[in-house]
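In what follows, a structure is listed as C-alpha coordinates, so that the remarks can point back to it.
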Amino acid sequence: MQIWVDADACPNPIKEILFRAAQRREVMLTLVANRALQTPASRFIRCIQVGAGFDVADKAIESQVEPGDLVITADIPLAAAVVEKGAQALDPRGELYTRENIRERLSIRNLMEEMRGSGMEIGGPAAFVAADRQAFANQLDRFLTARS
(Lines give C-alpha, C1' and ligand atoms only; values in the text may rest on other atoms or scores of the structure.)
Protein backbone atom coordinates (compact mmCIF):
# COMPACT_ATOMS: atom_id res chain seq x y z
CA MET A 1 0.00 0.00 0.00
CA GLN A 2 1.23 3.43 -0.95
CA ILE A 3 -0.12 6.95 -0.52
CA TRP A 4 -0.12 9.22 -3.59
CA VAL A 5 -0.66 12.98 -3.30
CA ASP A 6 -1.96 15.27 -6.02
CA ALA A 7 0.37 17.83 -4.52
CA ASP A 8 -0.04 20.97 -6.64
CA ALA A 9 -3.19 22.06 -4.81
CA CYS A 10 -2.82 20.09 -1.58
CA PRO A 11 -2.86 22.41 1.45
CA ASN A 12 0.42 22.54 3.41
CA PRO A 13 -1.20 21.47 6.71
CA ILE A 14 -2.38 18.28 4.96
CA LYS A 15 1.12 17.61 3.62
CA GLU A 16 2.49 17.97 7.16
CA ILE A 17 -0.02 15.41 8.46
CA LEU A 18 0.97 13.07 5.64
CA PHE A 19 4.70 13.48 6.32
CA ARG A 20 4.20 12.52 9.97
CA ALA A 21 1.91 9.60 9.10
CA ALA A 22 4.36 8.19 6.53
CA GLN A 23 7.17 8.25 9.06
CA ARG A 24 5.11 6.88 11.96
CA ARG A 25 3.42 4.10 9.93
CA GLU A 26 6.39 3.46 7.62
CA VAL A 27 4.21 3.85 4.53
CA MET A 28 5.56 5.10 1.22
CA LEU A 29 4.28 8.61 0.43
CA THR A 30 4.69 9.97 -3.09
CA LEU A 31 3.89 13.59 -3.90
CA VAL A 32 3.29 14.35 -7.58
CA ALA A 33 3.47 17.97 -8.75
CA ASN A 34 4.50 20.07 -11.71
CA ARG A 35 6.88 22.09 -9.55
CA ALA A 36 9.65 21.30 -7.09
CA LEU A 37 8.48 20.62 -3.53
CA GLN A 38 10.21 20.80 -0.17
CA THR A 39 9.85 17.60 1.83
CA PRO A 40 11.52 16.20 4.92
CA ALA A 41 14.39 13.81 4.37
CA SER A 42 12.91 10.34 4.74
CA ARG A 43 13.13 6.96 3.07
CA PHE A 44 9.32 6.92 3.11
CA ILE A 45 8.77 10.24 1.28
CA ARG A 46 9.51 10.97 -2.35
CA CYS A 47 8.48 13.56 -4.94
CA ILE A 48 7.84 13.15 -8.63
CA GLN A 49 8.00 16.35 -10.66
CA VAL A 50 5.99 16.18 -13.88
CA GLY A 51 5.82 18.62 -16.75
CA ALA A 52 3.42 21.53 -16.83
CA GLY A 53 0.06 21.07 -18.46
CA PHE A 54 -3.54 20.18 -17.88
CA ASP A 55 -3.95 17.04 -15.72
CA VAL A 56 -0.32 15.93 -16.15
CA ALA A 57 0.07 15.14 -12.44
CA ASP A 58 -3.33 13.41 -12.40
CA LYS A 59 -2.34 11.19 -15.33
CA ALA A 60 0.97 10.30 -13.66
CA ILE A 61 -0.84 9.23 -10.50
CA GLU A 62 -3.52 7.34 -12.39
CA SER A 63 -0.94 5.40 -14.40
CA GLN A 64 0.99 4.28 -11.31
CA VAL A 65 -1.67 3.74 -8.65
CA GLU A 66 -2.40 0.15 -7.68
CA PRO A 67 -5.33 -1.53 -5.95
CA GLY A 68 -5.25 -0.82 -2.22
CA ASP A 69 -3.37 2.48 -2.60
CA LEU A 70 -4.70 5.76 -1.26
CA VAL A 71 -4.72 8.95 -3.35
CA ILE A 72 -5.03 12.36 -1.69
CA THR A 73 -6.85 14.70 -4.07
CA ALA A 74 -9.65 17.22 -4.29
CA ASP A 75 -9.99 16.39 -8.00
CA ILE A 76 -13.18 14.33 -8.37
CA PRO A 77 -12.38 12.96 -11.87
CA LEU A 78 -8.98 11.74 -10.60
CA ALA A 79 -10.67 10.24 -7.54
CA ALA A 80 -13.14 8.42 -9.82
CA ALA A 81 -10.31 7.09 -12.00
CA VAL A 82 -8.29 5.70 -9.09
CA VAL A 83 -11.36 4.19 -7.41
CA GLU A 84 -12.09 2.45 -10.71
CA LYS A 85 -8.59 0.94 -10.51
CA GLY A 86 -9.26 -0.46 -7.01
CA ALA A 87 -7.66 2.29 -4.96
CA GLN A 88 -9.38 4.80 -2.70
CA ALA A 89 -9.18 8.57 -2.66
CA LEU A 90 -9.29 10.98 0.26
CA ASP A 91 -10.20 14.64 -0.12
CA PRO A 92 -8.05 17.11 1.90
CA ARG A 93 -11.22 17.96 3.83
CA GLY A 94 -11.60 14.37 5.00
CA GLU A 95 -14.11 12.82 2.60
CA LEU A 96 -13.15 9.28 1.60
CA TYR A 97 -14.15 8.37 -1.95
CA THR A 98 -15.06 4.73 -2.50
CA ARG A 99 -16.88 2.63 -5.09
CA GLU A 100 -20.05 3.27 -3.09
CA ASN A 101 -20.00 7.08 -3.27
CA ILE A 102 -17.79 8.23 -6.15
CA ARG A 103 -20.42 8.11 -8.91
CA GLU A 104 -22.70 10.45 -6.95
CA ARG A 105 -19.83 12.88 -6.23
CA LEU A 106 -18.83 12.84 -9.90
CA SER A 107 -22.42 13.51 -11.01
CA ILE A 108 -22.69 16.48 -8.64
CA ARG A 109 -19.34 17.82 -9.83
CA ASN A 110 -20.41 17.52 -13.47
CA LEU A 111 -23.72 19.25 -12.78
CA MET A 112 -21.96 22.15 -11.07
CA GLU A 113 -19.53 22.37 -14.00
CA GLU A 114 -22.45 22.56 -16.46
CA MET A 115 -24.12 25.27 -14.38
CA ARG A 116 -20.92 27.34 -14.31
CA GLY A 117 -20.50 26.77 -18.05
CA SER A 118 -23.99 28.13 -18.71
CA GLY A 119 -23.13 31.36 -16.91
CA MET A 120 -24.60 30.67 -13.48
CA GLU A 121 -22.55 32.11 -10.68
CA ILE A 122 -21.91 29.43 -8.12
CA GLY A 123 -19.70 30.03 -5.14
CA GLY A 124 -16.52 28.05 -4.73
CA PRO A 125 -15.57 25.86 -1.81
CA ALA A 126 -15.50 27.25 1.71
CA ALA A 127 -12.15 28.32 3.16
CA PHE A 128 -9.96 25.50 4.45
CA VAL A 129 -10.21 25.56 8.27
CA ALA A 130 -8.93 23.65 11.30
CA ALA A 131 -12.02 21.40 11.32
CA ASP A 132 -11.15 20.29 7.77
CA ARG A 133 -7.61 19.47 8.87
CA GLN A 134 -8.93 17.45 11.81
CA ALA A 135 -11.47 15.59 9.65
CA PHE A 136 -8.68 14.68 7.24
CA ALA A 137 -6.36 13.48 10.02
CA ASN A 138 -9.13 11.35 11.54
CA GLN A 139 -10.09 9.75 8.21
CA LEU A 140 -6.43 9.09 7.31
CA ASP A 141 -5.87 7.46 10.69
CA ARG A 142 -8.95 5.23 10.23
CA PHE A 143 -7.76 4.24 6.76
CA LEU A 144 -4.22 3.39 7.88
CA THR A 145 -5.38 1.58 11.01
CA ALA A 146 -7.72 -0.62 8.97
CA ARG A 147 -4.77 -1.66 6.80
CA SER A 148 -2.22 -2.39 9.52
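For the C-alpha coordinates, the naming scheme is as follows: chains receive sequential letters (A, B, ...) according to their order of presentation, residues are indexed from 1 within each chain, and ligands are indexed from 1 in presentation order.
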If you take only C-alpha atoms and a cut-off of 12 Å, which residues of segment 59-145 of chain A touch segment 33-53 of chain A, and what are their nearest atom pairs and distances in Å to one decimal, in chain and number order, as JSON lines?
```
{"residue": "A:Lys59", "atom": "CA", "partner": "A:Val50", "partner_atom": "CA", "distance": 9.8}
{"residue": "A:Ala60", "atom": "CA", "partner": "A:Val50", "partner_atom": "CA", "distance": 7.7}
{"residue": "A:Ile61", "atom": "CA", "partner": "A:Ile48", "partner_atom": "CA", "distance": 9.7}
{"residue": "A:Gln64", "atom": "CA", "partner": "A:Ile48", "partner_atom": "CA", "distance": 11.5}
{"residue": "A:Thr73", "atom": "CA", "partner": "A:Ala33", "partner_atom": "CA", "distance": 11.8}
```
### Message
Set the distance at 6 Å and use only C-alpha atoms: which residues neighbour segment 88-101 of chain A once local chain neighbours fewer than 5 positions away are removed? I'd like the list as a ChimeraX atom specification.
### Response
/A:70-74,79,83,132,135-136,139
### Query
Running DSSP on the backbone, which parts of segment 22-143 of chain A land in alpha helix (DSSP H), as a VMD selection string?
chain A and resid 22 to 25 56 to 64 76 to 84 102 to 117 130 to 143
### Task
Please provide as a list in words all residues within 9 Å of Ala81 of chain A, with the sequence filter that same-chain residues fewer than 5 positions apart are discarded (counting only C-alpha atoms).
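Selected residues are Glu62, Ile76 and Ala87 of chain A.
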Output the selection as an mmCIF file, in the first residue's frame - C-alpha atoms for each residue.
```cif
data_model
loop_
_atom_site.group_PDB
_atom_site.id
_atom_site.type_symbol
_atom_site.label_atom_id
_atom_site.label_comp_id
_atom_site.auth_asym_id
_atom_site.auth_seq_id
_atom_site.Cartn_x
_atom_site.Cartn_y
_atom_site.Cartn_z
ATOM 1 C CA GLU A 62 -3.520 7.337 -12.389
ATOM 2 C CA ILE A 76 -13.178 14.329 -8.371
ATOM 3 C CA ALA A 87 -7.660 2.294 -4.962
#
```
### Message
Here is a test: counting only C-alpha atoms, which residue of A:Asp58, A:Glu66, A:Asp141, A:Glu113 is nearest to Ala7 of chain A?
### Response
A:Asp58
### Query
Which of these residues is nearest to Leu106 of chain A, using only C-alpha atoms: A:Ala126, A:Ala80, A:Phe54, A:Leu140?
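So, comparing all the options, the nearest one is A:Ala80.
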### Query
atom CA of Ala9 of chain A and atom CA of Leu144 of chain A are how many Å apart?
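It comes out at 22.6 Å.
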### Message
So the first atom is atom CA of Met28 of chain A and the second is atom CA of Ala127 of chain A; what is the distance between them in Å, to one decimal place?
### Response
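Interatomic distance, atom CA of Met28 of chain A to atom CA of Ala127 of chain A: 29.3 Å.
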### Task
Go through chain A and collect every residue that DSSP, computed from the backbone, puts in strand (DSSP E or B); the answer should be as JSON, numbers by chain.
{"A": [2, 3, 4, 5, 6, 28, 29, 30, 31, 32, 33, 45, 46, 47, 48, 49, 70, 71, 72, 88, 89, 90, 96, 97]}
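Distance annotation: of A:Thr30, A:Phe19, A:Asp75, A:Glu84, the residue with the minimal separation from Arg105 of chain A is A:Asp75; atom set is only C-alpha atoms.
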